[in-house]
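Structure, as structure tokens:
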Amino acid sequence: MKNMKNKITITMLALVGISNITTAQHVACGGWHSAIVCSDNTVKAFGENATGQLGDGSNTDQNSPVGVGNLTGMLAVSAGGDQLEAHSMALKNDGTVWAWGSNLYGGLGNGSADNTNTPVQAIGLNNITAISTGGWHSAALKDDGTVWAWGWNTDGQLGDGTLNDKSIAAQVPGLTGVTAISAGTYHLLALKSDGTVWAWGDNISGQIGDGSNTDRKTPIQVNNLSNVVKIAAGRFFSMAIKSDGTVWTWGENLYGQLGNGTTTNSNIPVQVSALSGITGAVAATGAFHCMVVKSDNTVWAWGRNTYGNLGDNTITHKSTPVQMIGMSDVAGMAAGTNFSIVHKTDGTLWGCGRNLSGQLGDGTITQHNVLTQSTGVCTIASPLAIQTVFSQNYYELNAAPNPTPTGIFTLKLNGLRNGVVEVFNSFGQKVLEQSLNEKTVNDNALSVDISAQAKGVYFVTVTCNGQTHHQKISRN
């Protein structure tokens, strides 16, 4: 057993599951459609629906939210597709992945190439903590830090060294210690626990960031980029936020989406001009534009603005960041092809930009040049309470068996006494609390029973003598 008295930070492996679940994407944009996680952890979608990407059993566009199948217990959504061929995914609290829409190249991961307008489960995926959809490919991150990909592979975006499409998820070889993923339209990014960024797939505009314009069929490290805390991939470009609050971009710059005051492509990262104090928690890239949140709670955007998607009440492209008018208290954001949506901490949804297919979800097909509230949308799920629980440095706890097939496990306490044990589910809800004292502890161990809870990921905390110890538990 590890010496908890000397262990003052948790391992990055333990952080993988926690960080990805607590920053789960509750709003998502595809090419011309959107998906959201409601406060009851169901999923709704709106916008273009030609290939069933709304998941409501039809192929009819919707300018107001419709329910996606019978999905419940959902933690995150992701939406892909460049134009009419589009698909969507959702991550469930049991670590499984569900997908619907276009399946032309196997992007739904269910072993077929047939489109479906209702959700189907992706085959062979479990213990997933994050998902990301590209144009016609998909990716998932496991709690062991490995990346899995499937779908279209013409540009090597599956990272397996081939150009062969796959209709079932396969592990990206040689890539471990990953804490975040982001799929562009034709490429993929991965952030590792050491703060480096790795990329593969299409590189026509330099979006891989290795100093070349050569497609990569296996992951390669992005040049001169370290201490990264957030990544996002656009159509032909990429973005990263560093721990010092600076933003870096590379790839296509036709509309100024690199934000460095030029329209010149770059195959290595360049710093976004006059932008600092950016938080790593909330940021997004669309097909041709970017959005970020500053530490002063303001929201900034740059790039293509043909349809008002930068939210500055103009339709002029911006090669340096401009403030999105009247927006603060943002909890999450997403960007599609020429439109943007954000959700605030009060659960309201706001959108701007192109709306011809109803992708802003406001019941109209009217373009908005500033962020405008979509009042007919459900309350968006809040950032998980578990994020607050694990927002400091914590001592590591030892629990076994893990995973637990019965829901009963033992905490090795190493002398801990006179405290409290709490167990949270993946929604951040407390499902168990029990006292820690001489009567409950037996031989430096405590038996904990969550057998009445559903299968999935849980977080255990022991608070004792001003210190908090933790462990992630899988209930199989």
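FYI, nothing fancy with the structure tokens labels: chains A, B, ... in order, residues from 1 per chain, ligands from 1 as they appear.
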- Can you list, as number ranges by chain, every residue of range 22-178 of chain A that DSSP puts in strand (DSSP E)? A: 27-29, 33-37, 43-47, 62-67, 74-79, 87-92, 97-101, 116-121, 128-133, 137-142, 147-151, 166-171, 178
Please identify every residue of range 177-199 of chain A that has at least one atom no farther than 12 Å from an atom of range 276-299 of chain A, counting only C-alpha atoms, and for each give the shortest atom pair and the distance in Å to one decimal, arranged by chain then increasing number, as CSV.
residue,atom,partner,partner_atom,distance
A:Ala180,CA,A:Ala281,CA,11.7
A:Ser182,CA,A:Thr285,CA,9.9
A:Ala183,CA,A:Thr285,CA,10.5
A:Gly184,CA,A:Ala287,CA,8.3
A:Thr185,CA,A:Ala287,CA,7.8
A:Tyr186,CA,A:Ala287,CA,11.0
- Query: Near Lys430 in chain A, within 10 Å and counting only C-alpha atoms, which residues show up once chain neighbours fewer than 4 positions away are dropped, as a PyMOL selection string?
  - Reply: chain A and resi 385-386+422-426+458-460
Now that the selection is made, can you save its residues with C-alpha atoms as a JSON list (two decimals), in the first residue's frame?
[["chain", "number", "residue", "atom", "x", "y", "z"],
["A", 385, "ALA", "CA", -20.60, 19.01, -8.41],
["A", 386, "ILE", "CA", -17.81, 16.45, -8.22],
["A", 422, "GLU", "CA", -18.72, 9.98, 1.08],
["A", 423, "VAL", "CA", -19.47, 8.35, -2.27],
["A", 424, "PHE", "CA", -20.54, 10.39, -5.34],
["A", 425, "ASN", "CA", -21.92, 9.11, -8.62],
["A", 426, "SER", "CA", -20.75, 10.39, -12.00],
["A", 458, "TYR", "CA", -18.18, 6.41, -8.52],
["A", 459, "PHE", "CA", -15.87, 8.66, -6.50],
["A", 460, "VAL", "CA", -15.04, 7.95, -2.87]]
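Within 6 Å of range 217-221 of chain A, once only C-alpha atoms are used and residues closer than 2 positions along the same chain are dropped, the contacting residues are Gly156, Gly159, Asp160, Gly161, Val197, Trp198, Ala199, Trp200 and Gly201 of chain A.
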- Message: Using only C-alpha atoms for the distances, tell me which of A:Ala149, A:Ile181, A:Ala334, A:Ala301 is nearest to Leu258 in chain A.
- Response: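 Result for the nearest residue to Leu258 in chain A: A:Ala301.
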- d(CA of Trp98 in chain A, CA of Thr51 in chain A) in Å: 16.0 Å
- Query: Between A:Ser138, A:Asn476, A:Asn153, A:Asn309, which one has atoms that come closest to Asn110 in chain A, using only C-alpha atoms?
  - Reply: A:Ser138
Show me, as a short mmCIF file (atom, residue, chain, number, x, y, z; two decimals) with N, CA and C atoms, in the first residue's frame, the residues that have an atom within 7 Å of Thr176 in chain A when counting only C-alpha atoms, minus same-chain residues fewer than 2 positions from it.
data_model
loop_
_atom_site.label_atom_id
_atom_site.label_comp_id
_atom_site.auth_asym_id
_atom_site.auth_seq_id
_atom_site.Cartn_x
_atom_site.Cartn_y
_atom_site.Cartn_z
N GLY A 145 -6.47 5.92 -20.05
CA GLY A 145 -5.66 6.86 -20.82
C GLY A 145 -5.39 6.44 -22.25
N THR A 146 -6.09 5.42 -22.75
CA THR A 146 -5.94 5.01 -24.15
C THR A 146 -7.04 5.64 -25.01
N GLY A 174 0.24 2.78 -29.47
CA GLY A 174 1.37 3.55 -28.98
C GLY A 174 1.03 4.87 -28.32
N VAL A 178 -3.26 9.67 -22.03
CA VAL A 178 -4.05 10.75 -22.63
C VAL A 178 -5.13 11.21 -21.65
#
